[in-house]
Every structure is written in C-alpha cells, then in structure tokens.
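Colleague: What follows is a single structure, and I will ask about it in a moment.
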Amino acid sequence: MIELGHFALVLAFSLAVVQFAVPLVGTQFGDSRLTGVAGPAAMMCFLLTMLSFVALTVAYVQSDFSVANVWQNSHSAKPMLFKITGVWGNHEGSMLLWVLILTFFGALVAWFSGNLPMTLRSNVLSVQGLVAAAFLLFILMTSNPFARMVPVPMEGRDLNPILQDIGLAIHPPLLYLGYVGFSVCFSFAVAALIEGKIDAAWARWVRPWTLTAWIFLTGGISMGSYWAYYELGWGGWWFWDPVENASFLPWLAGTALLHSAIVMEKRSALKIWTLLLAILTFSLSLLGTFLVRSGVLTSVHAFASDPARGVFILMILVLFIGGALSLFAARANALTQGGLFHPISREGALVFNNLFLTTAAATVLIGTLYPLVVEVVTGDKISVGAPFFNLTFVPLVVPLLLAVPFGPLLAWKRGDLYAVSQRLYAALGGALLAALVAVFLVDGVSALAAFGTGLAFWLMFGALTDIALKSGIGSISFSVAWSRFKGLPRSVYGTAMAHFGLGVTVLGIVSVTSLEIERIEVMRPGETLPIAGYTLSFKGIAPYQGPNFSEEQGRFVYTDKAGQVLGEIISSKRLYSARQMPTTEAGIATRGFSQIYVSIGDATPDGGFVVRVWWKPLILFIWLGGVVMMLGGAVSLFDRRLRVGAPAPRKVKGMTKAEVAAS
C-alpha cells in the first residue's frame with residue numbers, strides 16, 4: 001500500500017506536468033485536441049493524489065512504523081481520531097493534504113467550467129497544473145511521506161501533544177481550503193494575462209472561487225484562534241504571532257479582492273487592480289507556506305524543517321510570484337482600464353474598502369517580516385509584538401468599519417452621501433444608545449471601550465438597515481414588504497450577514513479586551529477565589545490515566561453570589577508517556593457568551609498550586625461572529641448569479657423555450 005501511494009504521487013506529478021504543458025501549447029497553436037487534455041488530466045491528477053493520501057492515512061490507522069513519517073508522529077496507544085488527524089499534524093503529511101486540496105480545486109474547475117471559453121479554461125487549468133507540479137516535486141524531492149525505515153521500530157514517537165486535539169481535525173483542512181482556494185483566482189489572473197483579455201465576465205467567473213476560499217479561510221482562522229485559546233493554556237485569543245499573521249494576510253487581501261471583483265463585474269472598473277489583487281492574495285498564501293516550513297520562524301504553529309526545504313519553497317515563491325508579477329508588468333498596459341465613476345458612489349466605497357484593507361495588510365506584512373530582515377542584515381534578534389500592531393493596524397481598521405454600512409446603500413456610478421446618511425439615522429441612534437448603556441451601566445468601561453461597543457452595534461444595525469430598506473419595511477404595507485424581503489437576491493442577505501457577523505466579532509473583541517479580569521493566586525485545597533461575582537473553590541488534585549498520557553487534575557467548583565453550585569471546572573497538568581512532554585489543559589466554564597477560564601500551574605513547597613483565573617466577558621462573540629460571516633458567504637455563494645455566472649433566462653408569455661433562448 002505504501003509503495004502504491006508513493007507511485008501514485010509520482011504519476012500525479014507526471015500528469016500535473018502534462019496538465020501544464022499540453023493545454024498551453026494547444027492554446028498557442030489553436031489545437032482543440034491539445035486543449036481538451038486539460039480537464040481529464042486535472043481530474044486524474046486529483047484521483048491519484050487522493051489515492052496517495054489514502055495510502056498514508058491507512059498507514060497511520062494501522063500504526064505501520066516501517067514508514068518513517070508514521071514512526072515520527074504516531075503511537076499505537078493514540079486514540080483513533082488523533083491517528084487520523086496526525087496524518088496532517090506534521091510537515092510531510094500536511095504538504096500532501098495541501099496538494100490534495102490543490103488538485104481538488106483543479107478538478108472542480110475542470111468539472112464546473114463548461115461555460116468558460118475554451119482558451120481561458122485551458123489556460124486556467126494549465127496554470128493550476130504548474131502549481132501542482134511544483135509542489136508535488138517539492139514533496140517527492142524533499143518531503144517524501146512514504147520513506148521506509150529498516151529495521152522497523154516496535155513503537156512510534158507519538159504526535160506532538162499540543163496537536164492531539166479535535167481542533168487539529170478542523171483547523172488545518174479549513175485553513176488549507178482557504179489558502180489553496182485562492183490559487184484558482186491566481187490561475188484566472190495569469191490566464192487572463194496570457195490571453196491579454198479581461199472583462200466583466202472574467203470577474204463573474206472569479207467571484208465564486210474567491211468567495212469559497214474566503215469562507216474557508218475565515219473558518220480556518222477562527223478555529224485556529226479558538227484552538228490556541230483553549231489548548232495552549234495562555235488565556236489569549238490572538239498573539240500577533242508571525243504564523244498567525246501569515247494566515248491573516250491573505251484574508252485581508254482576499255477580502256479586498258472579493259469587493260474589488262464586485263466593482264469589476266458590475267461596472268467593468270478596477271480591472272487591472274483586481275488582477276493584481278488576485279496575484280497578491282495567492283502570493284501571500286505562498287508566503288505563509290514558506291514562513292511555516294522554512295525554519296526561519298520559531299512558533300507553536302511552525303513545522304521544524306531543514307534549510308533545503310526552505311530554499312526549495314523560496315524557489316517556488318520566486319517562480320510564481322516573480323513570474324506572475326513580471327507577466328503583469330509586461331501585459332498590464334495592453335489591458336483596458338475599465339469604466340469611470342464618481343468618488344461618492346458604491347464603486348468609490350469599495351475602492352475605499354480596498355485602500356484601507358491593503359494598507360492594513362501591508363502594515364501587518366512589515367511588522368511580520370521586519371524582524372527577519374533585521375536578523376539577516378545585522379544578526380540581531382528583535383521582536384515586533386502586539387503594541388506595534390495595535391498602534392498601526394487598529395487606526396487603519398476603524399475608519400473602514402465606520403464606512404461599512406454606507407457601501408451597500410450607495411448607488412452605482414454616482415451616489416448621494418447625505419441621503420444615505422439620513423437612511424442610517426436609526427442605526428446611528430442604536431449605536432449611540434449602546435455606547436451610552438456601556439458607559440453608564442457596565443463597570444470599568446473606558447471611553448475607547450464605549451466607542452468600540454458603539455462601533456460594533458453600528459455595523460450590526462447598519463446591516464439590518466440595508467435589508468430593511470431594500471425590503472421597504474416601514475414605508476409600504478407589510479404584505480408587500482414581506483414579498484420584497486423574500487424576493488431579495490441571496491447575495492444581499494449574504495452581504496448583510498457578513499457585515500453583521502463582523503459587528504459581532506468586534507463586540508466580542510472590545511468586551512474581552514476592556515472588561516477581562518485576571519487573577520493569579522497560590523491556592524490550597526479548600527481555599528476560594530472570588531472573580532466577577534462568582535466564587536471558585538479549589539477541591540484538590542486527583543490523578544487520571546488516559547490512553548497515552550497521565551495527568552493530575554485540579555478540580556474546582558464555582559458558585560454564584562447566593563452560594564448555589566453552578567458546576568465543576570477541571571484544569572490539569574498532563575504528561576505524554578512516549579515523548580515525556582508535559583502540557584497544561586485549561587478548564588473552561590461557559591456562562592452565556594462569557595467564560596471562566598482556569599489554568600493550573602506548578603506546585604509550591606507549602607502544598608499549594610499556582611492558579612491563573614480569567615473572567616472573559618462575551619468572548620464567544622469573537623468566534624460566533626466568524627461563523628456568521630462564513631454563513632453569510634455561503635448564502636451569497638448560493639445566489640444563482642454567482643454559481644452559474646449568469647441570470648436565469650426570463651420566461652416571456654407566449655414564447656417557446658427556443659424563442660426565449662434565442663432572445
């Protein structure tokens with residue numbers, strides 16, 4: 001089975017080369033037989049990569065320690081779920097998953113692109129084939145997951161303990177679906193540059209792929225944030241870690257691309273800018289891959305890698321980023337600029353959105369790479385942490401968030417800012433009321449926190465206002481408004497949901513940042529600790545034996561002001577026997593959308609334990625907002641205009657189907 005998986009990977013590489021070269025030659029010489037190779041090659045490349053991935057998964061499930069990758073990252077006593085997730089809990093396996101998703105997207109393009117012009121379709125699949133061939137070659141030459149071991153060890157070394165969590169089953173696949181999904185946008189951009197033609201139809205074809213990648217990347221970042229929050233025992237939800245930033249950068253650029261493509265589709269404007277964004281978004285995804293796997297960063301999210309791998313990935317970066325930007329520089333002048341519009345218009349609002357998103361992305365990129373550049377040039381090690389990002393990123397995002405409710409209400413080409421402002425009076429009143437409530441009814445709220453609360457509700461009420469105005473609620477009869485409400489395009493609902501979810505996330509960030517309470521105490525069994533109106537009682541330490549670990553569980557009971565017991569919280573110090581690696585397992589109790597977070601530390605000589613306790617008000621809103629944004633994107637994706645790329649034919653009374661089609 002292992003040799004079969006390895007051979008399938010070699011065949012997949014060969015087919016990826018065919019997928020790249022043959023259709024490209026076909027489009028240059030106008031040979032339809034050669035261009036027709038692209039679709040079957042893409043699908044077969046995916047099937048072979050899937051076979052290879054299944055072979056590696058079987059090796060993990062069966063604990064086949066003759067495979068070096070399985071020996072390094074698995075153990076016979078490990079639970080079955082973590083045996084499976086361990087397939088991508090390492091460099092080699094995760095790269096195989098990366099390429100599997102890449103070839104999967106190539107197969108999807110081949111399957112759903114029947115309405116594309118043959119030349120564009122072939123060029124897109126050709127570029128996808130080149131990307132797949134490069135990464136398959138990288139796996140085969142530097143990161144072979146099927147390398148054998150002789151003699152065969154009796155037992156494995158086990159997976160890194162912090163990766164033995166359900167979050168690992170969800171976070172990497174979602175993140176890779178986002179990263180790799182943008183490769184389709186990149187391929188469309190390069191294909192358009194090869195052909196020298198770009199129009200509104202191009203944007204209509206690109207938008208569903210952009211939206212799909214954005215949905216998955218949003219989910220991947222949210223899941224990764226929550227995993228780090230509860231698994232690492234540090235009590236935070238975002239650290240501005242370089243690898244966290246590496247996933248955030250393509251999200252910012254992808255959000256800008258999503259909005260830019262709307263302008264291009266609706267008004268045939270921003271053509272060259274949209275092309276550039278499509279290239280830059282996937283380039284930032286590749287940069288994240290390089291940072292994680294090159295060994296230049298030390299992070300809990302990074303894979304330990306040797307320099308040869310980093311050099312190979314750097315060559316891939318130079319090939320695709322440098323090649324695409326060079327092609328862009330050579331062909332951009334030959335492309336038409338597109339339509340003009342007034343600054344005060346929906347197009348202008350989306351350009352404003354792009355300006356601030358790309359500037360924010362540039363700020364995060366500089367803060368992430370600057371320490372690496374300084375170390376290379378001077379040899380000095382410096383760190384750029386949260387203070388830098390808070391002082392540079394936040395001031396850029398606040399004006400953008402203030403402008404979000406205006407965009408959907410402005411007219412295309414030329415809008416009336418004063419009229420839109422009048423329509424948003426109710427949303428503004430609700431936001432001001434929320435800020436005042438925060439100031440006068442919530443203890444410890446600063447002026448900035450009140451402003452942030454108002455900003456969050458401004459986004460949420462602005463999204464609801466958009467739906468209400470487009471439905472005519474309040475200005476026409478209920479029955480007519482309800483009919484309009486049901487008839488709104490799904491993309492309108494999706495946009496409103498995404499903006500509403502953004503407001504929910506902002507509310508969670510503001511609440512936990514400004515109102516969080518932290519207590520660090522040495523506690524002995526029987527002692528209590530008050531926090532945020534609750535009382536935490538330490539009941540003592542109890543041993544527990546897991547399948548491949550042992551732990552000392554600290555048991556806490558929390559009560560309300562009346563002394564009523566509300567539940568038990570268990571935080572533990574865990575030791576994994578194979579690696580002899582300790583971890584801290586946080587204990588979390590959820591109260592509504594808030595949480596009590598307990599992390600037990602080391603023992604003290606007098607029989608006590610260091611205990612860190614946090615009260616985190618409304619912290620679940622951070623990730624709930626991400627879920628709402630994903631749902632909004634999914635609703636938009638089900639809009640027929642995005643799925644098919646064209647509206648359904650209108651039914652005209654008295655005309656046959658053939659006459660309708662002809663019209």
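A note on labels: chains of the structure tokens are A, B, ... as shown, every chain counts residues from 1, and ligands are counted from 1 in their shown order.
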Excluding Val206 of chain A and its own-chain neighbours fewer than 2 positions away, which residues fall within 10 Å of it when counting only C-alpha atoms? Please give them as a list in words.

Modeller: Phe182, Val184, Cys185, Phe186, Ser187, Phe188, Ala189, Ala200, Ala201, Trp202, Ala203, Arg204, Pro208, Trp209, Thr210, Leu211, Leu257, Leu258, Ala261, Glu265, Ala278, Leu642 and Gly645 of chain A

Colleague: If you keep C-alpha atoms, can you produce a file of those selected residues as a CSV table (one decimal), in the first residue's frame?

Modeller:
```
chain,number,residue,atom,x,y,z
A,182,PHE,CA,-7.0,31.4,-3.9
A,184,VAL,CA,-7.9,29.4,-8.6
A,185,CYS,CA,-8.1,33.2,-8.5
A,186,PHE,CA,-4.3,33.3,-9.2
A,187,SER,CA,-4.7,30.9,-12.2
A,188,PHE,CA,-7.6,33.0,-13.6
A,189,ALA,CA,-5.4,36.2,-13.3
A,200,ALA,CA,-16.8,41.7,-16.5
A,201,ALA,CA,-17.4,38.0,-17.4
A,202,TRP,CA,-14.0,37.2,-16.0
A,203,ALA,CA,-14.9,38.8,-12.7
A,204,ARG,CA,-18.2,36.9,-12.7
A,208,PRO,CA,-17.5,32.3,-6.6
A,209,TRP,CA,-13.9,30.9,-6.2
A,210,THR,CA,-12.8,33.9,-4.3
A,211,LEU,CA,-15.8,33.7,-2.1
A,257,LEU,CA,-10.3,41.0,-3.9
A,258,LEU,CA,-13.8,40.0,-3.1
A,261,ALA,CA,-14.3,41.9,-8.1
A,265,GLU,CA,-18.4,42.7,-12.5
A,278,ALA,CA,-5.7,38.1,-7.4
A,642,LEU,CA,-22.6,33.5,-8.6
A,645,GLY,CA,-22.2,33.2,-13.8
```

Colleague: Got a sec: who's within 9 Å of Gly367 of chain A, counting only C-alpha atoms, leaving out chain neighbours fewer than 4 positions off, as a list in words?

Modeller: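 Once the nearby chain positions are removed, what remains is Pro242, Ala362, Thr363, Pro371, Val384, Gly385, Phe388 and Phe389 of chain A.
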
Colleague: I'd like the contact shell of segment 619-629 of chain A - 6 Å cut-off, only C-alpha atoms, skipping same-chain residues fewer than 6 positions apart - returned as a PyMOL selection string.

Modeller: chain A and resi 222+498+501-502+504-505+508+512+593-594

Colleague: Go ahead and dump the residues you just picked, N, CA and C atoms, as a PDB file, in the first residue's frame.

Modeller:
```pdb
ATOM      1  N   SER A 222     -10.601  31.423  12.439  1.00  0.00           N
ATOM      2  CA  SER A 222     -11.424  31.405  13.653  1.00  0.00           C
ATOM      3  C   SER A 222     -11.164  30.148  14.468  1.00  0.00           C
ATOM      4  N   ALA A 498     -22.633  38.888   6.598  1.00  0.00           N
ATOM      5  CA  ALA A 498     -21.189  39.015   6.783  1.00  0.00           C
ATOM      6  C   ALA A 498     -20.853  40.283   7.558  1.00  0.00           C
ATOM      7  N   GLY A 501     -21.963  39.786  11.136  1.00  0.00           N
ATOM      8  CA  GLY A 501     -21.003  38.937  11.841  1.00  0.00           C
ATOM      9  C   GLY A 501     -19.741  39.689  12.205  1.00  0.00           C
ATOM     10  N   LEU A 502     -19.305  40.594  11.334  1.00  0.00           N
ATOM     11  CA  LEU A 502     -18.143  41.426  11.652  1.00  0.00           C
ATOM     12  C   LEU A 502     -18.414  42.273  12.884  1.00  0.00           C
ATOM     13  N   VAL A 504     -20.479  41.492  15.321  1.00  0.00           N
ATOM     14  CA  VAL A 504     -20.489  40.581  16.473  1.00  0.00           C
ATOM     15  C   VAL A 504     -19.058  40.313  16.944  1.00  0.00           C
ATOM     16  N   THR A 505     -18.154  40.070  15.997  1.00  0.00           N
ATOM     17  CA  THR A 505     -16.751  39.842  16.355  1.00  0.00           C
ATOM     18  C   THR A 505     -16.138  41.061  17.022  1.00  0.00           C
ATOM     19  N   GLY A 508     -17.227  41.240  20.595  1.00  0.00           N
ATOM     20  CA  GLY A 508     -16.501  40.292  21.434  1.00  0.00           C
ATOM     21  C   GLY A 508     -15.099  40.772  21.745  1.00  0.00           C
ATOM     22  N   VAL A 512     -13.908  41.645  25.657  1.00  0.00           N
ATOM     23  CA  VAL A 512     -12.884  40.879  26.371  1.00  0.00           C
ATOM     24  C   VAL A 512     -11.619  41.701  26.579  1.00  0.00           C
ATOM     25  N   PHE A 593     -22.484  33.861  26.857  1.00  0.00           N
ATOM     26  CA  PHE A 593     -21.430  34.044  25.864  1.00  0.00           C
ATOM     27  C   PHE A 593     -20.102  34.414  26.522  1.00  0.00           C
ATOM     28  N   SER A 594     -20.040  34.324  27.845  1.00  0.00           N
ATOM     29  CA  SER A 594     -18.824  34.619  28.601  1.00  0.00           C
ATOM     30  C   SER A 594     -18.254  33.329  29.173  1.00  0.00           C
TER      31      SER A 594
END
```

Colleague: Could you check the closest approach to Gly444 of chain A for each of A:Val373, A:Val565, A:Ala324, A:Ile517 and tell me which residue wins, using only C-alpha atoms?

Modeller: A:Ile517

Colleague: Which residues are near segment 113-128 of chain A? Cut-off 10 Å, only C-alpha atoms, ignore same chain within fewer than 2 positions. Put them as a short mmCIF file (atom, residue, chain, number, x, y, z; two decimals) with N, CA and C atoms, in the first residue's frame.

Modeller:
```cif
data_model
loop_
_atom_site.label_atom_id
_atom_site.label_comp_id
_atom_site.auth_asym_id
_atom_site.auth_seq_id
_atom_site.Cartn_x
_atom_site.Cartn_y
_atom_site.Cartn_z
N ALA A 16 0.47 16.26 -13.71
CA ALA A 16 0.44 17.70 -13.49
C ALA A 16 1.30 18.42 -14.53
N VAL A 17 2.44 17.82 -14.88
CA VAL A 17 3.28 18.40 -15.93
C VAL A 17 2.54 18.39 -17.27
N VAL A 18 1.85 17.27 -17.55
CA VAL A 18 1.05 17.19 -18.79
C VAL A 18 -0.06 18.24 -18.76
N GLN A 19 -0.73 18.38 -17.60
CA GLN A 19 -1.81 19.35 -17.46
C GLN A 19 -1.31 20.77 -17.70
N PHE A 20 -0.07 21.03 -17.34
CA PHE A 20 0.50 22.37 -17.56
C PHE A 20 0.91 22.58 -19.01
N ALA A 21 1.67 21.63 -19.56
CA ALA A 21 2.34 21.88 -20.84
C ALA A 21 1.42 21.70 -22.05
N VAL A 22 0.67 20.60 -22.09
CA VAL A 22 -0.08 20.27 -23.30
C VAL A 22 -1.18 21.30 -23.61
N PRO A 23 -2.05 21.67 -22.64
CA PRO A 23 -3.08 22.67 -22.97
C PRO A 23 -2.49 24.03 -23.34
N LEU A 24 -1.35 24.39 -22.70
CA LEU A 24 -0.73 25.67 -23.01
C LEU A 24 -0.26 25.70 -24.46
N VAL A 25 0.32 24.61 -24.91
CA VAL A 25 0.72 24.52 -26.32
C VAL A 25 -0.52 24.54 -27.22
N GLY A 26 -1.57 23.85 -26.77
CA GLY A 26 -2.79 23.82 -27.55
C GLY A 26 -3.41 25.19 -27.76
N THR A 27 -3.42 26.02 -26.72
CA THR A 27 -3.99 27.37 -26.86
C THR A 27 -3.13 28.26 -27.74
N GLN A 28 -1.81 28.04 -27.73
CA GLN A 28 -0.93 28.86 -28.56
C GLN A 28 -1.09 28.53 -30.05
N GLY A 30 -3.89 26.85 -31.26
CA GLY A 30 -5.29 26.70 -31.61
C GLY A 30 -5.70 25.27 -31.87
N SER A 32 -7.60 22.20 -30.64
CA SER A 32 -8.62 21.84 -29.65
C SER A 32 -8.36 20.48 -29.02
N LEU A 34 -5.43 19.30 -28.12
CA LEU A 34 -4.48 19.50 -27.03
C LEU A 34 -5.11 20.25 -25.86
N THR A 35 -5.93 21.25 -26.15
CA THR A 35 -6.57 21.98 -25.07
C THR A 35 -7.56 21.10 -24.31
N GLY A 36 -8.13 20.10 -25.00
CA GLY A 36 -9.07 19.20 -24.36
C GLY A 36 -8.44 18.26 -23.35
N VAL A 37 -7.12 18.20 -23.33
CA VAL A 37 -6.42 17.34 -22.37
C VAL A 37 -6.53 17.89 -20.95
N ALA A 38 -6.72 19.20 -20.81
CA ALA A 38 -6.63 19.87 -19.50
C ALA A 38 -7.61 19.27 -18.49
N GLY A 39 -8.88 19.13 -18.86
CA GLY A 39 -9.89 18.66 -17.92
C GLY A 39 -9.63 17.25 -17.41
N ALA A 41 -6.90 15.52 -17.41
CA ALA A 41 -5.64 15.48 -16.67
C ALA A 41 -5.82 16.01 -15.26
N ALA A 42 -6.58 17.11 -15.11
CA ALA A 42 -6.80 17.68 -13.78
C ALA A 42 -7.57 16.72 -12.88
N LEU A 102 -5.22 21.27 -3.47
CA LEU A 102 -4.89 21.99 -4.69
C LEU A 102 -5.41 21.25 -5.92
N THR A 103 -5.16 19.95 -5.99
CA THR A 103 -5.65 19.18 -7.14
C THR A 103 -7.17 19.04 -7.11
N PHE A 105 -9.24 21.42 -6.14
CA PHE A 105 -9.75 22.65 -6.75
C PHE A 105 -9.55 22.63 -8.26
N GLY A 106 -8.43 22.07 -8.71
CA GLY A 106 -8.23 21.94 -10.15
C GLY A 106 -9.30 21.08 -10.80
N ALA A 107 -9.66 19.97 -10.11
CA ALA A 107 -10.71 19.09 -10.64
C ALA A 107 -12.06 19.81 -10.64
N LEU A 108 -12.33 20.62 -9.59
CA LEU A 108 -13.59 21.36 -9.55
C LEU A 108 -13.67 22.37 -10.70
N VAL A 109 -12.56 23.05 -10.98
CA VAL A 109 -12.56 23.99 -12.10
C VAL A 109 -12.84 23.24 -13.40
N ALA A 110 -12.22 22.08 -13.58
CA ALA A 110 -12.46 21.29 -14.79
C ALA A 110 -13.92 20.85 -14.89
N TRP A 111 -14.52 20.51 -13.75
CA TRP A 111 -15.89 19.99 -13.75
C TRP A 111 -16.92 21.09 -13.99
N LEU A 130 0.73 23.73 -13.29
CA LEU A 130 2.09 24.15 -12.96
C LEU A 130 2.29 24.28 -11.46
N VAL A 131 1.30 24.87 -10.76
CA VAL A 131 1.38 24.99 -9.30
C VAL A 131 1.42 23.60 -8.66
N ALA A 132 0.55 22.71 -9.13
CA ALA A 132 0.53 21.35 -8.57
C ALA A 132 1.84 20.63 -8.84
N ALA A 133 2.38 20.76 -10.04
CA ALA A 133 3.63 20.08 -10.38
C ALA A 133 4.77 20.56 -9.48
N SER A 183 -5.62 29.88 -5.13
CA SER A 183 -4.82 29.51 -6.30
C SER A 183 -5.66 29.58 -7.57
N VAL A 184 -6.98 29.32 -7.45
CA VAL A 184 -7.85 29.40 -8.62
C VAL A 184 -7.93 30.84 -9.11
N CYS A 185 -8.06 31.79 -8.17
CA CYS A 185 -8.08 33.21 -8.55
C CYS A 185 -6.76 33.59 -9.21
N PHE A 186 -5.66 33.09 -8.66
CA PHE A 186 -4.34 33.33 -9.24
C PHE A 186 -4.27 32.77 -10.66
N SER A 187 -4.76 31.57 -10.85
CA SER A 187 -4.73 30.95 -12.18
C SER A 187 -5.58 31.72 -13.17
N PHE A 188 -6.74 32.20 -12.73
CA PHE A 188 -7.58 33.03 -13.61
C PHE A 188 -6.86 34.31 -14.00
N ALA A 189 -6.15 34.92 -13.04
CA ALA A 189 -5.44 36.17 -13.32
C ALA A 189 -4.31 35.94 -14.33
N VAL A 190 -3.52 34.90 -14.10
CA VAL A 190 -2.41 34.61 -15.01
C VAL A 190 -2.95 34.22 -16.38
N ALA A 191 -4.03 33.44 -16.42
CA ALA A 191 -4.64 33.06 -17.70
C ALA A 191 -5.12 34.28 -18.47
N ALA A 192 -5.72 35.24 -17.76
CA ALA A 192 -6.17 36.46 -18.43
C ALA A 192 -4.99 37.26 -18.97
N LEU A 193 -3.88 37.26 -18.23
CA LEU A 193 -2.69 37.98 -18.71
C LEU A 193 -2.08 37.27 -19.91
N ILE A 194 -2.07 35.93 -19.91
CA ILE A 194 -1.56 35.18 -21.06
C ILE A 194 -2.39 35.49 -22.30
N GLU A 195 -3.71 35.53 -22.10
CA GLU A 195 -4.62 35.77 -23.23
C GLU A 195 -4.68 37.25 -23.60
N LYS A 197 -6.73 39.43 -22.25
CA LYS A 197 -8.13 39.84 -22.30
C LYS A 197 -8.75 39.69 -20.93
N ALA A 201 -17.16 39.48 -17.48
CA ALA A 201 -17.44 38.04 -17.38
C ALA A 201 -16.33 37.33 -16.60
N TRP A 202 -15.09 37.77 -16.79
CA TRP A 202 -13.96 37.20 -16.04
C TRP A 202 -14.20 37.36 -14.54
N TRP A 205 -16.78 34.97 -13.22
CA TRP A 205 -16.28 33.61 -13.04
C TRP A 205 -15.37 33.51 -11.81
N PHE A 320 6.59 31.68 -8.94
CA PHE A 320 5.19 32.06 -9.13
C PHE A 320 4.96 33.55 -8.88
N VAL A 644 -23.66 30.19 -11.37
CA VAL A 644 -23.69 29.90 -12.80
C VAL A 644 -22.95 30.96 -13.60
N GLY A 645 -22.93 32.18 -13.06
CA GLY A 645 -22.24 33.24 -13.76
C GLY A 645 -23.16 34.06 -14.65
#
```

Colleague: If we count only C-alpha atoms, what is near segment 552-562 of chain A at a cut-off of 8 Å, once residues fewer than 3 positions away on the same chain are taken out, given as an MDAnalysis selection string?

Modeller: chainID A and resid 533:544 565:574 600

Colleague: Pick the closest to Leu276 of chain A from A:Phe328, A:Phe312, A:Trp251, A:Phe65: which is it, counting only C-alpha atoms?

Modeller: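 Of the candidates, the smallest distance to Leu276 of chain A is held by A:Phe328.
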
Colleague: Kindly indicate which residue among A:Thr453, A:Asn353, A:Thr584, A:Ser383 lies nearest to Leu369 of chain A, using only C-alpha atoms for the distances.

Modeller: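 Of the candidates, the smallest distance to Leu369 of chain A is held by A:Ser383.
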
Colleague: Excluding Ala77 of chain A and its own-chain neighbours fewer than 3 positions away, which residues fall within 9 Å of it when counting only C-alpha atoms? Please give them as an MDAnalysis selection string.

Modeller: chainID A and resid 74 80 158 547:548

Colleague: Would you save the residues of that selection, restricted to C-alpha atoms, as an mmCIF file, in the first residue's frame?

Modeller:
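File written: out_5.cif
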```
data_model
loop_
_atom_site.group_PDB
_atom_site.id
_atom_site.type_symbol
_atom_site.label_atom_id
_atom_site.label_comp_id
_atom_site.auth_asym_id
_atom_site.auth_seq_id
_atom_site.Cartn_x
_atom_site.Cartn_y
_atom_site.Cartn_z
ATOM 1 C CA SER A 74 2.164 8.372 15.803
ATOM 2 C CA MET A 80 -8.075 6.621 16.500
ATOM 3 C CA ASP A 158 3.840 9.860 19.161
ATOM 4 C CA PRO A 547 -4.882 6.206 26.657
ATOM 5 C CA ASN A 548 -1.385 7.605 26.049
#
```

Colleague: If we count only C-alpha atoms, what is near Arg148 of chain A at a cut-off of 10 Å, once residues fewer than 3 positions away on the same chain are taken out, given as a PyMOL selection string?

Modeller: chain A and resi 2-3+64-71+144-145+151-152

Colleague: Convert the current residue selection to file output with C-alpha atoms, as a CSV table (one decimal), in the first residue's frame.

Modeller:
```csv
chain,number,residue,atom,x,y,z
A,2,ILE,CA,2.8,2.4,0.8
A,3,GLU,CA,4.6,1.8,-2.5
A,64,ASP,CA,2.7,1.0,10.3
A,65,PHE,CA,6.0,2.1,11.8
A,66,SER,CA,8.0,0.9,8.8
A,67,VAL,CA,7.1,4.3,7.4
A,68,ALA,CA,9.3,7.0,8.9
A,69,ASN,CA,6.6,9.6,8.9
A,70,VAL,CA,4.3,7.3,10.9
A,71,TRP,CA,7.0,6.4,13.4
A,144,ASN,CA,8.6,12.2,1.0
A,145,PRO,CA,5.9,10.9,3.4
A,151,PRO,CA,14.8,-2.1,10.8
A,152,VAL,CA,11.2,-1.5,11.7
```

Colleague: Closest to Ile198 of chain A among A:Ser491, A:Asn245, A:Gln580, A:Thr274, using only C-alpha atoms?

Modeller: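 Ranking A:Ser491, A:Asn245, A:Gln580, A:Thr274 by distance to Ile198 of chain A, first place goes to A:Thr274.
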
Colleague: Report the distance between atom CA of His259 of chain A and atom CA of Val351 of chain A in Å, rounded to one decimal place.

Modeller: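 Atom CA of Val351 of chain A lies at a distance of 8.3 Å from atom CA of His259 of chain A.
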
Colleague: Please run DSSP on the backbone and report, as a ChimeraX atom specification, all residues within segment 140-187 of chain A that come out as alpha helix (DSSP H).

Modeller: /A:140-142,166-187

Colleague: With C-alpha atoms retained, write the just-selected residues as a JSON list (two decimals), in the first residue's frame.

Modeller:
```
[["chain", "number", "residue", "atom", "x", "y", "z"],
["A", 140, "LEU", "CA", 8.95, 13.97, -3.83],
["A", 141, "MET", "CA", 12.39, 15.57, -3.56],
["A", 142, "THR", "CA", 12.47, 16.96, 0.00],
["A", 166, "ILE", "CA", -10.10, 17.92, 18.00],
["A", 167, "GLY", "CA", -9.16, 21.42, 16.82],
["A", 168, "LEU", "CA", -6.42, 19.88, 14.67],
["A", 169, "ALA", "CA", -9.04, 17.84, 12.84],
["A", 170, "ILE", "CA", -10.76, 21.07, 11.75],
["A", 171, "HIS", "CA", -8.26, 23.92, 11.70],
["A", 172, "PRO", "CA", -5.64, 22.82, 9.09],
["A", 173, "PRO", "CA", -8.10, 21.48, 6.47],
["A", 174, "LEU", "CA", -10.16, 24.68, 6.68],
["A", 175, "LEU", "CA", -7.05, 26.84, 6.52],
["A", 176, "TYR", "CA", -5.66, 24.96, 3.51],
["A", 177, "LEU", "CA", -9.00, 25.13, 1.71],
["A", 178, "GLY", "CA", -8.71, 28.90, 2.09],
["A", 179, "TYR", "CA", -5.03, 29.16, 1.19],
["A", 180, "VAL", "CA", -5.26, 26.86, -1.81],
["A", 181, "GLY", "CA", -8.66, 28.15, -2.92],
["A", 182, "PHE", "CA", -7.02, 31.44, -3.85],
["A", 183, "SER", "CA", -4.82, 29.51, -6.30],
["A", 184, "VAL", "CA", -7.85, 29.40, -8.62],
["A", 185, "CYS", "CA", -8.08, 33.21, -8.55],
["A", 186, "PHE", "CA", -4.34, 33.33, -9.24],
["A", 187, "SER", "CA", -4.73, 30.95, -12.18]]
```

Colleague: In Å, how far is it from atom CA of Lys83 of chain A to atom CA of Gln62 of chain A?

Modeller: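 Taking atom CA of Lys83 of chain A as the start and atom CA of Gln62 of chain A as the end point, the length is 9.0 Å.
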